[in-house]
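Chemist: There's a structure below that I have some questions on.
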There are 2 protein chains.
Amino acid sequence: MSHPTAPAKSPVSSSHTSSGRPLNIALFGFGTVGSSVARILVESAPERLHLTHIVNRNVARKRVDWIPGNVVWSEDPDSVLNESAVSAARPDIVVELAGGLEPAGTWVRKALAAGISVVTANKKLIAYHGLELEQLAAANGAHLLYGAAVAGGIPVIPGLEHGLAGDRVERVEGILNGTCNFILSKMEAGAEYETVLAEAQKLGFAEADPTEDVAGYDARAKLAILMRLALRVQVHPEEIESRPITEVAAIDFSYARDLNCTIRQIARAERVEGRVAATVRPMLVPLTSPLAWSRGTENMVVTTGHYGGDVVFSGHGAGGHPTAVAVVSDLVGLAQGSCRIAIPSTPAKVGTELEVPHYIRFLVNDRPGIVAGIAGALAHENINLNAMLQKPGYPLDHLPFVVTVEPCRTSALTRALKEIGRMPSLLEKPLDLQMLEK
Amino acid sequence: MSHPTAPAKSPVSSSHTSSGRPLNIALFGFGTVGSSVARILVESAPERLHLTHIVNRNVARKRVDWIPGNVVWSEDPDSVLNESAVSAARPDIVVELAGGLEPAGTWVRKALAAGISVVTANKKLIAYHGLELEQLAAANGAHLLYGAAVAGGIPVIPGLEHGLAGDRVERVEGILNGTCNFILSKMEAGAEYETVLAEAQKLGFAEADPTEDVAGYDARAKLAILMRLALRVQVHPEEIESRPITEVAAIDFSYARDLNCTIRQIARAERVEGRVAATVRPMLVPLTSPLAWSRGTENMVVTTGHYGGDVVFSGHGAGGHPTAVAVVSDLVGLAQGSCRIAIPSTPAKVGTELEVPHYIRFLVNDRPGIVAGIAGALAHENINLNAMLQKPGYPLDHLPFVVTVEPCRTSALTRALKEIGRMPSLLEKPLDLQMLEK
């Protein structure tokens, strides 16, 4: 294939495929994901990738016999990061799998500042400090890759960077938390929240304190990362409204079914009239929507592009092996001289103002005038009532019933619900769930 | 973010993000996809990407007023490719959208040999000559990208290269031809083949001669590309067995429904006992499978990884805008100095030997002994009968009925069907459809 005359050097930079010496990899964190990463590196032996260090607290109890004997086991991240730049033992890439903001953040900053590239699965660190860390990497000739930070083994981040960079993504929505999806899909099948939570905890899908998952904080961090790559806006995760799935009761699944829907924790962000709206909350999802397909701990992301329309990514969002696939894929990319597509982004304020249909469940002490009061408050805000559902068999003094309304402004509905909240027959604050339209 | 002491140069090659002068882009082919690519380049103006040439036959009738005045319209690919290497008008990237093996192949070879990178959506060229063209590109410091060649706007190729390179993909199956999916999903809803084909032709989804699509040749080329990137085997597309969807009749959808299945054209390849089996044919798909979800012209790909399990990609596989998104994403990647992940592959012989369940539909002149004969021939090959279905209302001398069998070797079933074929009461060759198990 060589040619008699040397071709002109292309101004498109050429690849560095497989050139250079093996890259030393230091694994920071040897839990479920860390040991899966080591397992794949040992079994598949991808070109140029050389596992040299495993760093973990109490590392002695972590030792396993299938790790090659020349790998250094250490409890001291600093000593590994401080290896002299000319030492053969210096890591070229730190794989950070400790999670959380600290001490992971300190290690990552130290590595990048020393020109050591970092591959991480740390959604929280990337959601809170990704932009700063990317700048630190660029300033020091290092790379920062985090394909595993959102939806583990599903290539959503590589797909956005390498496959959808040519589109203008206008909406991203998804199921980003496997624990909530496990709980809600079990509740859909008839189980009670407390029972399913206990089962999830027993199976290792949920923490002893499940707040991070069920309150939406985990999904919110992932959504902030997707918003930067898909919608190209920089937002602070804590500015994204989140509502806990614990608000949803068994009866809501029953009403949802009557509406040909189910209920899922949905993370959703979109551009609306030049602004950005984002939220993480339980929503009604039509059974015909791809988002209703995912069961158990599966994750799913749907992007809507101005040019390319909807793209669905789905699979195992968490777990050792799937997450490790994303980490090792990033390592293979680094070894081959590929790089991330830098997607430009701008700071943005996040709002909640959307125009979507809602499901509102009331619990009342039934008296004449309740429906008239609710309908009146909605009409006052120009909100169109769509359906009223009331299942038989409940006591009149503790009666749940449901109203669905046509697409309306969040702010208008908030005002109407405030007005309705003044009615003395309401036994609790109404449950307001957004409904996905497809 | 700069640091007092300069960091050691990282052996991980650093990115060339946004460096260098604008890249001249010559668009070869200004049909549906070509004009969508130009539209996105003009509207979105991605950094460093500068549309300079549009090449098409009878280019005068192609001219549109929204293309900037400084773009050169030409009918002569050679004059564009022959621009002097020092000329400011020389293209840096040729976007080949003419399709087919020739003259597209000649243009692409000429460009690559001159060190000009190529982005193409040409599945046929890549399926038949991709490996040779990649070597030609590498030998000349040029790049060859073809993210649009399979499943248009769905980032399957970037997902495999950048997100699943760390896994060992063992199976890939999908709906790769929108025309067949449109026809079969309409037939599922009750329409006849000829009627739907005519509708698809009217809508522009099917060619006047639909053979390339309905016989499976289009999907076969795409499957060959996916096999190289996912299973890492080099196969000639024509070695992949393909069977036409025209074998399927309305009654098969009716029987499929009784089995909680539908029928789709499935392209499927997997490693089985160290060998590779691949086929494109109409198959029974359980309604619970993601592959049953796609409607109309949608495409879907499901990969099964040794480590990461199943990943589903779905969306608009064809059409001007979705395909153009993949092309422009490749261009953005080139402008940013990213490169493809080189996935090593080895030549392989393709077989058809699988162990899967089958649906077999017979058309018989009903006589005593038929069922015994069929059951006997299957038993002789140790094939377990699973179900027998016979709908009422058909004449006894022209009676369709269906047998499903448990997973069995392709070769064993072929022998049994040959034996059954000798029975005089059979009015036609039985229709044998593989059944997907999930």
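Residues are referred to by chain and number: the chain letter is A, B, ... according to the order shown in the structure tokens, the number counts from 1 in that chain, and ligands are numbered separately from 1 in the order shown.
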Quick check: residues of chain B within 6 Å of chain A, only C-alpha atoms, returned as number ranges by chain.
Modeler: B: 1, 7, 10, 13-15, 114-115, 136, 139, 141, 153, 155, 158-159, 162-167, 307-308, 310-315, 321-322, 325-326, 328-329, 337-339
Chemist: Could you name the residues that touch range 403-417 of chain A at 12 Å or less, counting only C-alpha atoms, but leaving out those on the same chain fewer than 2 positions away, as a ChimeraX atom specification?
Modeler: /A:252,255-256,258-259,272,277,279,284,351-363,371,373-390,400-401,419-423,426,428-437
Chemist: Go ahead and write the selection's residues with C-alpha atoms as a PDB file, in the first residue's frame.
Modeler:
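Produced file result.pdb, reproduced below:
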ATOM      1  CA  ASP A 252     -50.266   5.634  41.988  1.00  0.00           C
ATOM      2  CA  TYR A 255     -53.904   4.779  38.539  1.00  0.00           C
ATOM      3  CA  ALA A 256     -50.894   4.965  36.196  1.00  0.00           C
ATOM      4  CA  ASP A 258     -55.381   2.944  34.025  1.00  0.00           C
ATOM      5  CA  LEU A 259     -53.670   5.711  32.053  1.00  0.00           C
ATOM      6  CA  VAL A 272     -37.149  25.569  26.208  1.00  0.00           C
ATOM      7  CA  ALA A 277     -35.130  23.253  32.331  1.00  0.00           C
ATOM      8  CA  THR A 279     -35.420  17.952  36.912  1.00  0.00           C
ATOM      9  CA  LEU A 284     -45.614   8.912  34.572  1.00  0.00           C
ATOM     10  CA  GLY A 351     -35.167  26.476  35.622  1.00  0.00           C
ATOM     11  CA  THR A 352     -38.122  24.177  36.109  1.00  0.00           C
ATOM     12  CA  GLU A 353     -40.568  25.951  33.804  1.00  0.00           C
ATOM     13  CA  LEU A 354     -41.906  23.425  31.323  1.00  0.00           C
ATOM     14  CA  GLU A 355     -45.166  22.961  29.513  1.00  0.00           C
ATOM     15  CA  VAL A 356     -46.097  19.318  30.105  1.00  0.00           C
ATOM     16  CA  PRO A 357     -49.160  17.348  31.201  1.00  0.00           C
ATOM     17  CA  HIS A 358     -49.449  16.428  34.884  1.00  0.00           C
ATOM     18  CA  TYR A 359     -50.939  13.695  37.047  1.00  0.00           C
ATOM     19  CA  ILE A 360     -52.191  15.033  40.387  1.00  0.00           C
ATOM     20  CA  ARG A 361     -53.318  12.703  43.146  1.00  0.00           C
ATOM     21  CA  PHE A 362     -55.409  14.125  45.977  1.00  0.00           C
ATOM     22  CA  LEU A 363     -56.269  12.593  49.332  1.00  0.00           C
ATOM     23  CA  VAL A 371     -64.248  18.846  42.515  1.00  0.00           C
ATOM     24  CA  GLY A 373     -62.982  23.849  43.964  1.00  0.00           C
ATOM     25  CA  ILE A 374     -60.197  21.989  42.194  1.00  0.00           C
ATOM     26  CA  ALA A 375     -61.666  22.591  38.740  1.00  0.00           C
ATOM     27  CA  GLY A 376     -62.154  26.250  39.549  1.00  0.00           C
ATOM     28  CA  ALA A 377     -58.576  26.763  40.715  1.00  0.00           C
ATOM     29  CA  LEU A 378     -57.259  25.071  37.568  1.00  0.00           C
ATOM     30  CA  ALA A 379     -59.589  27.067  35.319  1.00  0.00           C
ATOM     31  CA  HIS A 380     -58.453  30.270  36.996  1.00  0.00           C
ATOM     32  CA  GLU A 381     -54.942  29.491  35.704  1.00  0.00           C
ATOM     33  CA  ASN A 382     -56.269  28.452  32.278  1.00  0.00           C
ATOM     34  CA  ILE A 383     -55.293  24.841  32.899  1.00  0.00           C
ATOM     35  CA  ASN A 384     -57.410  22.287  31.049  1.00  0.00           C
ATOM     36  CA  LEU A 385     -58.579  19.287  32.990  1.00  0.00           C
ATOM     37  CA  ASN A 386     -58.054  16.088  31.010  1.00  0.00           C
ATOM     38  CA  ALA A 387     -59.326  13.158  33.095  1.00  0.00           C
ATOM     39  CA  MET A 388     -60.679  12.447  36.575  1.00  0.00           C
ATOM     40  CA  LEU A 389     -60.118   8.981  38.002  1.00  0.00           C
ATOM     41  CA  GLN A 390     -61.557   7.631  41.206  1.00  0.00           C
ATOM     42  CA  PRO A 400     -57.682   9.197  46.965  1.00  0.00           C
ATOM     43  CA  PHE A 401     -58.543  10.448  43.501  1.00  0.00           C
ATOM     44  CA  GLU A 419     -54.842  27.712  45.906  1.00  0.00           C
ATOM     45  CA  ILE A 420     -56.198  24.154  46.061  1.00  0.00           C
ATOM     46  CA  GLY A 421     -54.009  23.505  49.115  1.00  0.00           C
ATOM     47  CA  ARG A 422     -56.127  25.988  51.079  1.00  0.00           C
ATOM     48  CA  MET A 423     -59.197  23.733  50.796  1.00  0.00           C
ATOM     49  CA  LEU A 426     -57.467  18.102  51.642  1.00  0.00           C
ATOM     50  CA  GLU A 428     -52.283  16.032  52.554  1.00  0.00           C
ATOM     51  CA  LYS A 429     -50.348  17.982  49.957  1.00  0.00           C
ATOM     52  CA  PRO A 430     -51.387  16.682  46.511  1.00  0.00           C
ATOM     53  CA  LEU A 431     -48.836  14.485  44.708  1.00  0.00           C
ATOM     54  CA  ASP A 432     -47.939  16.187  41.428  1.00  0.00           C
ATOM     55  CA  LEU A 433     -46.180  14.033  38.819  1.00  0.00           C
ATOM     56  CA  GLN A 434     -45.166  15.171  35.364  1.00  0.00           C
ATOM     57  CA  MET A 435     -46.317  12.917  32.531  1.00  0.00           C
ATOM     58  CA  LEU A 436     -44.002  12.117  29.634  1.00  0.00           C
ATOM     59  CA  GLU A 437     -45.816  12.581  26.351  1.00  0.00           C
TER      60      GLU A 437
END
Chemist: DSSP says strand (DSSP E or B) for which residues of range 78-124 of chain B? Put them as a count of residues only?
Modeler: 8
Chemist: How many Å lie between CA of Gly99 in chain B and CA of Thr346 in chain B, rounded to one decimal?
Modeler: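 Straight-line distance from CA of Gly99 in chain B to CA of Thr346 in chain B works out to 26.2 Å.
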Chemist: Show me, as a PDB file with N, CA and C atoms, in the first residue's frame, the residues that have an atom within 12 Å of Leu97 in chain A when counting only C-alpha atoms, minus same-chain residues fewer than 6 positions from it.
Modeler:
ATOM      1  N   ALA A  26      -1.976   2.910  37.286  1.00  0.00           N
ATOM      2  CA  ALA A  26      -2.160   2.772  38.734  1.00  0.00           C
ATOM      3  C   ALA A  26      -3.654   2.797  39.033  1.00  0.00           C
ATOM      4  N   LEU A  27      -4.130   1.750  39.667  1.00  0.00           N
ATOM      5  CA  LEU A  27      -5.545   1.616  40.000  1.00  0.00           C
ATOM      6  C   LEU A  27      -5.750   2.143  41.411  1.00  0.00           C
ATOM      7  N   PHE A  28      -6.509   3.232  41.553  1.00  0.00           N
ATOM      8  CA  PHE A  28      -6.799   3.781  42.879  1.00  0.00           C
ATOM      9  C   PHE A  28      -8.199   3.310  43.275  1.00  0.00           C
ATOM     10  N   GLY A  29      -8.277   2.302  44.096  1.00  0.00           N
ATOM     11  CA  GLY A  29      -9.572   1.735  44.485  1.00  0.00           C
ATOM     12  C   GLY A  29      -9.687   0.324  43.943  1.00  0.00           C
ATOM     13  N   PHE A  30      -9.774  -0.649  44.857  1.00  0.00           N
ATOM     14  CA  PHE A  30      -9.842  -2.048  44.422  1.00  0.00           C
ATOM     15  C   PHE A  30     -11.086  -2.712  45.000  1.00  0.00           C
ATOM     16  N   GLY A  31     -12.231  -2.029  44.798  1.00  0.00           N
ATOM     17  CA  GLY A  31     -13.524  -2.613  45.183  1.00  0.00           C
ATOM     18  C   GLY A  31     -14.084  -3.388  44.003  1.00  0.00           C
ATOM     19  N   THR A  32     -15.417  -3.379  43.878  1.00  0.00           N
ATOM     20  CA  THR A  32     -16.077  -4.147  42.824  1.00  0.00           C
ATOM     21  C   THR A  32     -15.594  -3.733  41.429  1.00  0.00           C
ATOM     22  N   VAL A  33     -15.638  -2.415  41.159  1.00  0.00           N
ATOM     23  CA  VAL A  33     -15.258  -1.957  39.820  1.00  0.00           C
ATOM     24  C   VAL A  33     -13.753  -2.125  39.605  1.00  0.00           C
ATOM     25  N   GLY A  34     -12.969  -1.746  40.625  1.00  0.00           N
ATOM     26  CA  GLY A  34     -11.514  -1.844  40.504  1.00  0.00           C
ATOM     27  C   GLY A  34     -11.055  -3.258  40.197  1.00  0.00           C
ATOM     28  N   SER A  35     -11.626  -4.231  40.901  1.00  0.00           N
ATOM     29  CA  SER A  35     -11.162  -5.595  40.635  1.00  0.00           C
ATOM     30  C   SER A  35     -11.657  -6.075  39.267  1.00  0.00           C
ATOM     31  N   SER A  36     -12.812  -5.572  38.797  1.00  0.00           N
ATOM     32  CA  SER A  36     -13.253  -5.907  37.435  1.00  0.00           C
ATOM     33  C   SER A  36     -12.316  -5.309  36.386  1.00  0.00           C
ATOM     34  N   VAL A  37     -11.879  -4.065  36.624  1.00  0.00           N
ATOM     35  CA  VAL A  37     -10.932  -3.439  35.687  1.00  0.00           C
ATOM     36  C   VAL A  37      -9.656  -4.266  35.623  1.00  0.00           C
ATOM     37  N   ALA A  38      -9.135  -4.643  36.805  1.00  0.00           N
ATOM     38  CA  ALA A  38      -7.913  -5.453  36.839  1.00  0.00           C
ATOM     39  C   ALA A  38      -8.128  -6.781  36.127  1.00  0.00           C
ATOM     40  N   ILE A  54      -1.705  -1.076  42.458  1.00  0.00           N
ATOM     41  CA  ILE A  54      -3.064  -1.127  43.015  1.00  0.00           C
ATOM     42  C   ILE A  54      -3.001  -0.443  44.376  1.00  0.00           C
ATOM     43  N   VAL A  55      -3.817   0.601  44.532  1.00  0.00           N
ATOM     44  CA  VAL A  55      -3.784   1.399  45.754  1.00  0.00           C
ATOM     45  C   VAL A  55      -5.134   1.284  46.448  1.00  0.00           C
ATOM     46  N   ASN A  56      -5.104   0.922  47.710  1.00  0.00           N
ATOM     47  CA  ASN A  56      -6.350   0.817  48.476  1.00  0.00           C
ATOM     48  C   ASN A  56      -6.008   0.889  49.962  1.00  0.00           C
ATOM     49  N   PRO A 103     -11.107  11.857  49.306  1.00  0.00           N
ATOM     50  CA  PRO A 103      -9.853  12.437  48.803  1.00  0.00           C
ATOM     51  C   PRO A 103      -9.648  12.273  47.305  1.00  0.00           C
ATOM     52  N   ALA A 104     -10.651  11.677  46.592  1.00  0.00           N
ATOM     53  CA  ALA A 104     -10.456  11.423  45.170  1.00  0.00           C
ATOM     54  C   ALA A 104     -10.033  12.683  44.412  1.00  0.00           C
ATOM     55  N   GLY A 105     -10.715  13.822  44.751  1.00  0.00           N
ATOM     56  CA  GLY A 105     -10.433  15.064  44.044  1.00  0.00           C
ATOM     57  C   GLY A 105      -8.977  15.492  44.183  1.00  0.00           C
ATOM     58  N   TRP A 107      -6.369  13.552  44.774  1.00  0.00           N
ATOM     59  CA  TRP A 107      -5.524  12.651  43.982  1.00  0.00           C
ATOM     60  C   TRP A 107      -5.573  13.002  42.496  1.00  0.00           C
ATOM     61  N   VAL A 108      -6.809  13.230  41.992  1.00  0.00           N
ATOM     62  CA  VAL A 108      -6.966  13.517  40.565  1.00  0.00           C
ATOM     63  C   VAL A 108      -6.250  14.815  40.203  1.00  0.00           C
ATOM     64  N   VAL A 118      -5.861  10.806  33.712  1.00  0.00           N
ATOM     65  CA  VAL A 118      -6.773  10.191  34.675  1.00  0.00           C
ATOM     66  C   VAL A 118      -7.988   9.629  33.947  1.00  0.00           C
ATOM     67  N   VAL A 119      -8.323   8.381  34.295  1.00  0.00           N
ATOM     68  CA  VAL A 119      -9.592   7.788  33.860  1.00  0.00           C
ATOM     69  C   VAL A 119     -10.394   7.548  35.131  1.00  0.00           C
ATOM     70  N   THR A 120     -11.636   8.035  35.161  1.00  0.00           N
ATOM     71  CA  THR A 120     -12.408   7.915  36.388  1.00  0.00           C
ATOM     72  C   THR A 120     -13.851   7.532  36.104  1.00  0.00           C
ATOM     73  N   ALA A 121     -14.470   6.899  37.088  1.00  0.00           N
ATOM     74  CA  ALA A 121     -15.898   6.585  37.015  1.00  0.00           C
ATOM     75  C   ALA A 121     -16.658   7.469  38.000  1.00  0.00           C
ATOM     76  N   ASN A 122     -15.998   8.519  38.488  1.00  0.00           N
ATOM     77  CA  ASN A 122     -16.509   9.315  39.614  1.00  0.00           C
ATOM     78  C   ASN A 122     -17.483  10.395  39.136  1.00  0.00           C
ATOM     79  N   LYS A 123     -18.775  10.042  39.110  1.00  0.00           N
ATOM     80  CA  LYS A 123     -19.775  10.994  38.584  1.00  0.00           C
ATOM     81  C   LYS A 123     -19.837  12.265  39.414  1.00  0.00           C
ATOM     82  N   LYS A 124     -19.665  12.116  40.732  1.00  0.00           N
ATOM     83  CA  LYS A 124     -19.820  13.277  41.592  1.00  0.00           C
ATOM     84  C   LYS A 124     -18.691  14.272  41.334  1.00  0.00           C
ATOM     85  N   LEU A 125     -17.475  13.771  41.296  1.00  0.00           N
ATOM     86  CA  LEU A 125     -16.326  14.642  41.048  1.00  0.00           C
ATOM     87  C   LEU A 125     -16.451  15.347  39.702  1.00  0.00           C
ATOM     88  N   TYR A 146     -13.894  10.044  31.342  1.00  0.00           N
ATOM     89  CA  TYR A 146     -14.854   9.590  32.345  1.00  0.00           C
ATOM     90  C   TYR A 146     -16.076   8.939  31.698  1.00  0.00           C
ATOM     91  N   ALA A 148     -17.162   6.155  32.116  1.00  0.00           N
ATOM     92  CA  ALA A 148     -17.885   5.302  33.066  1.00  0.00           C
ATOM     93  C   ALA A 148     -18.725   6.101  34.053  1.00  0.00           C
ATOM     94  N   ALA A 149     -18.648   7.446  34.001  1.00  0.00           N
ATOM     95  CA  ALA A 149     -19.303   8.240  35.043  1.00  0.00           C
ATOM     96  C   ALA A 149     -20.829   8.256  34.926  1.00  0.00           C
ATOM     97  N   GLY A 320     -19.932  -4.042  38.597  1.00  0.00           N
ATOM     98  CA  GLY A 320     -18.485  -4.059  38.403  1.00  0.00           C
ATOM     99  C   GLY A 320     -18.082  -4.199  36.952  1.00  0.00           C
ATOM    100  N   THR A 323     -19.290  -1.334  34.348  1.00  0.00           N
ATOM    101  CA  THR A 323     -18.567  -0.083  34.585  1.00  0.00           C
ATOM    102  C   THR A 323     -17.103  -0.239  34.175  1.00  0.00           C
ATOM    103  N   ALA A 324     -16.538  -1.419  34.456  1.00  0.00           N
ATOM    104  CA  ALA A 324     -15.138  -1.663  34.095  1.00  0.00           C
ATOM    105  C   ALA A 324     -14.938  -1.636  32.581  1.00  0.00           C
ATOM    106  N   VAL A 327     -14.384   1.882  31.682  1.00  0.00           N
ATOM    107  CA  VAL A 327     -13.052   2.329  32.127  1.00  0.00           C
ATOM    108  C   VAL A 327     -11.973   1.798  31.173  1.00  0.00           C
TER     109      VAL A 327
END
Chemist: Please report, as a PDB file with C-alpha atoms, in the first residue's frame, each residue of range 139-171 of chain A to which DSSP assigns helix (DSSP H, G or I) when run on this structure's backbone.
Modeler:
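part.pdb written:
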ATOM      1  CA  ALA A 139      -2.895  22.851  30.825  1.00  0.00           C
ATOM      2  CA  VAL A 156     -23.638   7.234  26.216  1.00  0.00           C
ATOM      3  CA  ILE A 157     -20.701   9.580  26.808  1.00  0.00           C
ATOM      4  CA  PRO A 158     -18.640   8.215  23.876  1.00  0.00           C
ATOM      5  CA  GLY A 159     -21.826   8.217  21.789  1.00  0.00           C
ATOM      6  CA  LEU A 160     -22.490  11.884  22.567  1.00  0.00           C
ATOM      7  CA  GLU A 161     -18.876  12.908  22.021  1.00  0.00           C
ATOM      8  CA  HIS A 162     -18.019  10.894  18.930  1.00  0.00           C
ATOM      9  CA  GLY A 163     -21.376  10.116  17.355  1.00  0.00           C
TER      10      GLY A 163
END
Chemist: Ranking A:Leu184, A:Ala151, A:Ala206, A:Ile245 by minimum distance to Lys222 in chain A and counting only C-alpha atoms, which one comes first?
Modeler: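 Nearest candidate to Lys222 in chain A out of A:Leu184, A:Ala151, A:Ala206, A:Ile245: A:Ala151.
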Chemist: Interatomic distance between CA of Thr297 in chain B and CA of Asn177 in chain B?
Modeler: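 A separation of 7.6 Å between them.
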